Amino acid sequence: MAKLKDLAAMEDRLVAGHGMCLGCGIPLIFRIVLRATEDPLIIANATGCLEVCTTIFPRTSWNVTWIHSAFENAASTIAGVESMYKALKNKGRIPEDKKIKFLGVGGDGGTYDIGLQALSGAMERGHDIVYVCYDNNAYANTGGQRSSATPLGASATTSPEGTQSPGKLQRKKDLTKILVAHNIPYVAQASPNRWQDLYKKAQKAFETEGPAFLNVLCFCPTEWKYDESQGIRLAQTALDTCVWPLYEVENGKYKINYIPKEKKPVLEWIKPQGRFRHLFKEENAWVLEEYQKQVDEDWEELNKLAKL
Amino acid sequence: MSTLKTLNGNQAIAEAVRQIDPDVMAAYPITPSTAIVETIAKFKADGLITGEFVCPESEHSAMSVCIGASSAGGRVMTATASQGLALMWEMLYIAAGLRLPIVAAIVNRSLSAPINIHGDHSDTMGARDSGWIQIYSENCQEAYDNFIQAFRIGEDLKVRTPVFVGLDGFIISHSLEVIQVEDDAKVKKFVGEYKSVYPLLDTSRKMTVGPIDFTDYYFEHKRNQMEGIENAPPVIEAVGKEFGQKFGREYGFFEEYRMDDAELCIVVMSSAAGTCKDAVDELRSDGKRIGLLKPRIFRPFPHEKIAEALKKMKAIAVLDRSSSPGAFGAPLFTEVRSALYDYAERPHIVNYVYGLGGRDIKVEHFKEVALKLEKIAETGKVEEIYGYINLRE
């Protein structure tokens, strides 16, 4: 088990000076993930908060080799880098023992939505890459538009609440399940409040031969509208309500990594967040019920899969 | 040893790929370029090439893989056509902006709608401002020769710009021709070793590639990018000459056919130029002083050289195999006409769009154009600046 003291002593690969919001979950996630390998690393980053806030020319926060090409193609870009690595090794232009890890990263916009096809293609082709999605439930970089990761009932700028609407009318897409359906060696969900779990999963992902995928819940005070000092607590609530279960699927075998002692009502997750405030209007009560029902069903299904 | 082989355009490109053996080849099959991708896949399956062949789930990803691979530090190629190139469009600009010398064989095909699989230049002309060098081929031999030269041109350290090599869909891609295939080792030697510039795989040097530029830097970086393609002409010239010395077929920016004492000229690119040569021969035997100018390099457009070659003509017809709806003439025409503007005495110059969606253009059509040019030269009057050939209206 890694000790926090030892991890803290490691060189940062994402360094200070970036422009991410106060209380943002992204830098926390990546400072943990990037410590999970000591091998040389190349990152392809989809357009989004992480990319924009870390690389305003001529400054960079990346103390590691990093490339951005577009929004929807971090997976195919890193697949290209990995293919060249394989080619040059095969041709003897890179020493046989030279190890490099390849990481694609994107938010839920670049991963659940516009980049889903490229991600699916890269995973299916079996490139030796890791892909990490930081899921902050919205297109946060551009001011909080809905994504397919935005939860039911959340108000986003393109699914706003109003007199005729309770916010987003659709449930959140289950991307992790889609990745499991690719039958790749390693898929996991994680959250930065359980840093040991995230660190271990990132380590496993980097050690996996072939494609690995991590979906990490990323709290976003700007778009979720809560007190920015409370991100870690809110993430814990996501776990305790089973809104965001921690689990991993290793070679097809499910394992739940966190089971709350007492499963809390979804309401506890909803209450602190301004994006759900309108759900407490009388006419929107059905959304709260529906949200709870969906979370219960998903949790039950996951437990069944883990017992198989 | 140089040998004669009967190959179609797609096979000719694939043969050049086998000889060059690029480090990464990433392509998605699309008619009429599919056979290039299939043949490369088979070469790989049979161990005839050592590079990585990647078959992504779309052309957008194919170009993204090319961008990742080229940034990583090695030689990269792809092939596509039509909708495939259109789907790559976003990434074309990024390949050029990141100064990645990717070479793409484009089997020129019309764009939807209506859907049509046959040859015209709508695809590459639509991408003419993407920053790629554009080379067009008349036949299978030229497709093969141009493809080999493209790596030398694009990868030149002063250029570092991606390159399209166009060949007409079906008309060239699927037509068999006896071509001279050069010796494997000689082709490899001609293309040479790939020179990496800031390769990502050199992890001893940590780099941030593709950061965000705002109003304070974007303009200068775009200007730097333009310098690459502006540096291309002397390289194109030198590579074309060297190719001639090594293999006996020299290339320049364009080909002039029976232009020595010509007063009338047809400007047309790619496969139609072959038909035009027959028309010129027949017209010449009738005593007409007509010639052909066949542009080979469309980007960077050799405006000075083309203007110099055309300035003494009495009348010129530029034939475009694409249209530019709402513009004052189709793409090749606007370039040629603009190139001639600085001359005090300018030839009359008209534009005809032909062959959209693979519509045939025959010797008789070129003769009709010649008749119109004769009339313009005689009367000094241009009745229509812009028209169509072989179109029912």
# chains A, B, ... in the order shown; residues from 1 in each chain; ligands from 1

call {"tool": "interface_residues", "arguments": {"of": "chain B", "to": "chain A", "cutoff": "10 Å", "atoms": "only C-alpha atoms", "output": "PyMOL selection string"}}
result
chain B and resi 22-26+50-58+60-76+90-91+94-95+97-98+199-214+216-218

call {"tool": "residues_around", "arguments": {"residues": "Gln19 in chain B", "least_positions_apart": "2", "cutoff": "8 Å", "atoms": "only C-alpha atoms", "output": "PDB file with C-alpha atoms, in the first residue's frame"}}
result
ATOM      1  CA  GLU B  15       3.448  -0.592 -54.456  1.00  0.00           C
ATOM      2  CA  ALA B  16       5.146   2.682 -53.508  1.00  0.00           C
ATOM      3  CA  VAL B  17       3.973   2.186 -49.903  1.00  0.00           C
ATOM      4  CA  ASP B  21       7.601   1.009 -45.807  1.00  0.00           C
ATOM      5  CA  ASP B 184      12.963  -1.261 -54.094  1.00  0.00           C
ATOM      6  CA  ALA B 185      16.375  -0.292 -52.780  1.00  0.00           C
ATOM      7  CA  VAL B 187      13.202   3.986 -54.034  1.00  0.00           C
ATOM      8  CA  LYS B 188      14.133   3.532 -50.363  1.00  0.00           C
TER       9      LYS B 188
END

call {"tool": "closest_residue", "arguments": {"among": "A:Trp299, A:Tyr291, A:Arg277, A:Thr150", "to": "Lys263 in chain A", "atoms": "only C-alpha atoms"}}
result
A:Trp299

call {"tool": "atom_distance", "arguments": {"atom1": "CA of Glu209 in chain A", "atom2": "CA of Ala190 in chain A"}}
result
20.1 Å

call {"tool": "select_by_dssp", "arguments": {"residues": "range 89-280 of chain B", "states": "helix (DSSP H, G or I)", "output": "NGL selection string"}}
result
:B and (89-97 or 122-126 or 140-155 or 184-191 or 218-230 or 232-247 or 272-280)

call {"tool": "write_last_selection", "arguments": {"atoms": "C-alpha atoms", "output": "compact mmCIF listing (two decimals), in the first residue's frame"}}
result
# COMPACT_ATOMS: atom_id res chain seq x y z
CA TRP B 89 -11.30 17.99 -42.46
CA GLU B 90 -10.95 19.16 -38.87
CA MET B 91 -7.78 17.15 -38.43
CA LEU B 92 -6.23 18.26 -41.73
CA TYR B 93 -5.75 21.74 -40.33
CA ILE B 94 -4.27 20.31 -37.15
CA ALA B 95 -1.79 18.13 -39.05
CA ALA B 96 -0.65 21.19 -40.99
CA GLY B 97 -0.69 23.46 -37.92
CA SER B 122 -14.45 18.45 -54.97
CA ASP B 123 -12.78 16.64 -52.07
CA THR B 124 -9.25 18.09 -52.26
CA MET B 125 -10.44 21.45 -53.56
CA GLY B 126 -12.67 21.68 -50.49
CA CYS B 140 -0.83 5.69 -62.72
CA GLN B 141 2.83 6.36 -63.43
CA GLU B 142 2.53 9.90 -62.14
CA ALA B 143 0.58 8.74 -59.10
CA TYR B 144 3.43 6.35 -58.26
CA ASP B 145 6.16 8.92 -58.97
CA ASN B 146 4.38 11.75 -57.13
CA PHE B 147 3.72 9.59 -54.09
CA ILE B 148 7.42 8.76 -53.75
CA GLN B 149 8.43 12.41 -54.15
CA ALA B 150 5.79 13.58 -51.67
CA PHE B 151 7.75 12.21 -48.68
CA ARG B 152 10.89 14.08 -49.71
CA ILE B 153 8.96 17.31 -50.22
CA GLY B 154 6.83 17.22 -47.08
CA GLU B 155 9.58 15.97 -44.79
CA ASP B 184 12.96 -1.26 -54.09
CA ALA B 185 16.37 -0.29 -52.78
CA LYS B 186 16.61 2.72 -55.10
CA VAL B 187 13.20 3.99 -54.03
CA LYS B 188 14.13 3.53 -50.36
CA LYS B 189 17.38 5.37 -50.94
CA PHE B 190 15.65 8.18 -52.81
CA VAL B 191 13.14 8.70 -50.01
CA TYR B 218 -1.99 32.57 -32.64
CA PHE B 219 -1.36 34.95 -35.55
CA GLU B 220 2.44 34.59 -35.37
CA HIS B 221 2.19 30.81 -35.17
CA LYS B 222 -0.08 30.70 -38.21
CA ARG B 223 2.42 32.92 -40.02
CA ASN B 224 5.20 30.48 -39.11
CA GLN B 225 3.13 27.65 -40.51
CA MET B 226 2.68 29.47 -43.84
CA GLU B 227 6.45 29.79 -44.10
CA GLY B 228 6.67 26.00 -44.40
CA ILE B 229 4.52 25.78 -47.51
CA GLU B 230 6.12 28.95 -48.89
CA ALA B 232 8.23 24.26 -50.66
CA PRO B 233 8.75 25.46 -54.29
CA PRO B 234 12.56 25.09 -54.48
CA VAL B 235 12.26 21.73 -52.74
CA ILE B 236 9.56 20.55 -55.16
CA GLU B 237 11.78 21.64 -58.05
CA ALA B 238 14.94 19.98 -56.70
CA VAL B 239 13.15 16.73 -55.82
CA GLY B 240 11.48 16.64 -59.27
CA LYS B 241 14.89 17.11 -60.96
CA GLU B 242 16.61 14.52 -58.81
CA PHE B 243 13.79 12.08 -59.52
CA GLY B 244 14.44 12.68 -63.22
CA GLN B 245 18.18 12.02 -62.81
CA LYS B 246 17.62 8.82 -60.83
CA PHE B 247 14.64 7.39 -62.66
CA ALA B 272 -8.43 14.85 -68.26
CA ALA B 273 -5.06 16.28 -69.33
CA GLY B 274 -4.33 12.95 -71.04
CA THR B 275 -7.46 13.23 -73.17
CA CYS B 276 -6.66 16.88 -73.79
CA LYS B 277 -3.27 15.92 -75.24
CA ASP B 278 -5.02 13.83 -77.91
CA ALA B 279 -7.33 16.75 -78.67
CA VAL B 280 -4.34 19.12 -78.94

call {"tool": "select_by_dssp", "arguments": {"residues": "range 204-289 of chain B", "states": "strand (DSSP E or B)", "output": "ChimeraX atom specification"}}
result
/B:208-209,212,254-257,264-267

call {"tool": "residues_around", "arguments": {"residues": "Gly287 in chain B", "least_positions_apart": "5", "cutoff": "12 Å", "atoms": "only C-alpha atoms", "output": "list in words"}}
result
Asp261, Ala262, Glu263, Val280, Asp281 and Glu282 of chain B

call {"tool": "write_last_selection", "arguments": {"atoms": "N, CA and C atoms", "output": "tab-separated table (two decimals), in the first residue's frame"}}
result
chain	number	residue	atom	x	y	z
B	261	ASP	N	4.66	27.53	-79.66
B	261	ASP	CA	4.17	28.67	-80.44
B	261	ASP	C	2.66	28.84	-80.26
B	262	ALA	N	2.16	28.34	-79.15
B	262	ALA	CA	0.71	28.36	-78.96
B	262	ALA	C	0.18	29.77	-78.74
B	263	GLU	N	-1.03	29.99	-79.25
B	263	GLU	CA	-1.75	31.25	-78.99
B	263	GLU	C	-2.96	31.00	-78.10
B	280	VAL	N	-5.34	18.14	-78.47
B	280	VAL	CA	-4.34	19.12	-78.94
B	280	VAL	C	-3.64	18.59	-80.19
B	281	ASP	N	-3.28	17.30	-80.16
B	281	ASP	CA	-2.61	16.70	-81.33
B	281	ASP	C	-3.48	16.83	-82.58
B	282	GLU	N	-4.76	16.51	-82.44
B	282	GLU	CA	-5.67	16.58	-83.59
B	282	GLU	C	-5.84	18.02	-84.07

call {"tool": "atom_distance", "arguments": {"atom1": "CA of Val15 in chain A", "atom2": "CA of Val197 in chain B"}}
result
25.8 Å

call {"tool": "decode", "arguments": {"residues": "range 166-212 of chain A", "atoms": "C-alpha atoms", "output": "PDB file, in the first residue's frame"}}
result
ATOM      1  CA  PRO A 166     -37.323  20.058 -14.364  1.00  0.00           C
ATOM      2  CA  GLY A 167     -33.842  20.327 -15.903  1.00  0.00           C
ATOM      3  CA  LYS A 168     -32.264  17.390 -17.700  1.00  0.00           C
ATOM      4  CA  LEU A 169     -34.987  14.906 -18.622  1.00  0.00           C
ATOM      5  CA  GLN A 170     -32.723  11.950 -19.330  1.00  0.00           C
ATOM      6  CA  ARG A 171     -30.776   9.678 -17.041  1.00  0.00           C
ATOM      7  CA  LYS A 172     -27.003   9.584 -17.062  1.00  0.00           C
ATOM      8  CA  LYS A 173     -25.353   7.329 -19.617  1.00  0.00           C
ATOM      9  CA  ASP A 174     -23.513   4.377 -18.078  1.00  0.00           C
ATOM     10  CA  LEU A 175     -20.204   4.740 -19.894  1.00  0.00           C
ATOM     11  CA  THR A 176     -18.333   2.326 -17.639  1.00  0.00           C
ATOM     12  CA  LYS A 177     -20.755  -0.416 -18.652  1.00  0.00           C
ATOM     13  CA  ILE A 178     -20.145   0.413 -22.314  1.00  0.00           C
ATOM     14  CA  LEU A 179     -16.414   0.048 -21.757  1.00  0.00           C
ATOM     15  CA  VAL A 180     -16.957  -3.278 -19.962  1.00  0.00           C
ATOM     16  CA  ALA A 181     -18.804  -4.428 -23.090  1.00  0.00           C
ATOM     17  CA  HIS A 182     -15.561  -3.963 -25.032  1.00  0.00           C
ATOM     18  CA  ASN A 183     -14.152  -6.949 -23.108  1.00  0.00           C
ATOM     19  CA  ILE A 184     -10.901  -5.121 -22.433  1.00  0.00           C
ATOM     20  CA  PRO A 185      -8.666  -6.350 -19.613  1.00  0.00           C
ATOM     21  CA  TYR A 186      -9.353  -3.584 -17.094  1.00  0.00           C
ATOM     22  CA  VAL A 187     -12.215  -1.153 -16.461  1.00  0.00           C
ATOM     23  CA  ALA A 188     -12.855   0.719 -13.224  1.00  0.00           C
ATOM     24  CA  GLN A 189     -14.796   3.521 -11.605  1.00  0.00           C
ATOM     25  CA  ALA A 190     -13.044   5.646  -9.028  1.00  0.00           C
ATOM     26  CA  SER A 191     -13.352   8.865  -7.077  1.00  0.00           C
ATOM     27  CA  PRO A 192     -10.634  11.199  -5.784  1.00  0.00           C
ATOM     28  CA  ASN A 193     -11.894  11.165  -2.192  1.00  0.00           C
ATOM     29  CA  ARG A 194     -10.813   7.498  -2.001  1.00  0.00           C
ATOM     30  CA  TRP A 195      -7.295   8.326  -3.145  1.00  0.00           C
ATOM     31  CA  GLN A 196      -5.800   4.940  -2.240  1.00  0.00           C
ATOM     32  CA  ASP A 197      -8.414   3.227  -4.375  1.00  0.00           C
ATOM     33  CA  LEU A 198      -7.857   5.632  -7.275  1.00  0.00           C
ATOM     34  CA  TYR A 199      -4.089   5.232  -6.998  1.00  0.00           C
ATOM     35  CA  LYS A 200      -4.328   1.421  -6.989  1.00  0.00           C
ATOM     36  CA  LYS A 201      -6.675   1.431  -9.958  1.00  0.00           C
ATOM     37  CA  ALA A 202      -4.399   3.746 -11.911  1.00  0.00           C
ATOM     38  CA  GLN A 203      -1.453   1.466 -11.061  1.00  0.00           C
ATOM     39  CA  LYS A 204      -3.380  -1.560 -12.294  1.00  0.00           C
ATOM     40  CA  ALA A 205      -4.399   0.302 -15.436  1.00  0.00           C
ATOM     41  CA  PHE A 206      -0.802   1.249 -16.230  1.00  0.00           C
ATOM     42  CA  GLU A 207       0.375  -2.292 -15.548  1.00  0.00           C
ATOM     43  CA  THR A 208      -2.319  -3.813 -17.755  1.00  0.00           C
ATOM     44  CA  GLU A 209      -1.116  -5.138 -21.083  1.00  0.00           C
ATOM     45  CA  GLY A 210      -3.605  -3.809 -23.604  1.00  0.00           C
ATOM     46  CA  PRO A 211      -6.290  -1.188 -23.123  1.00  0.00           C
ATOM     47  CA  ALA A 212      -7.480  -0.059 -19.693  1.00  0.00           C
TER      48      ALA A 212
END
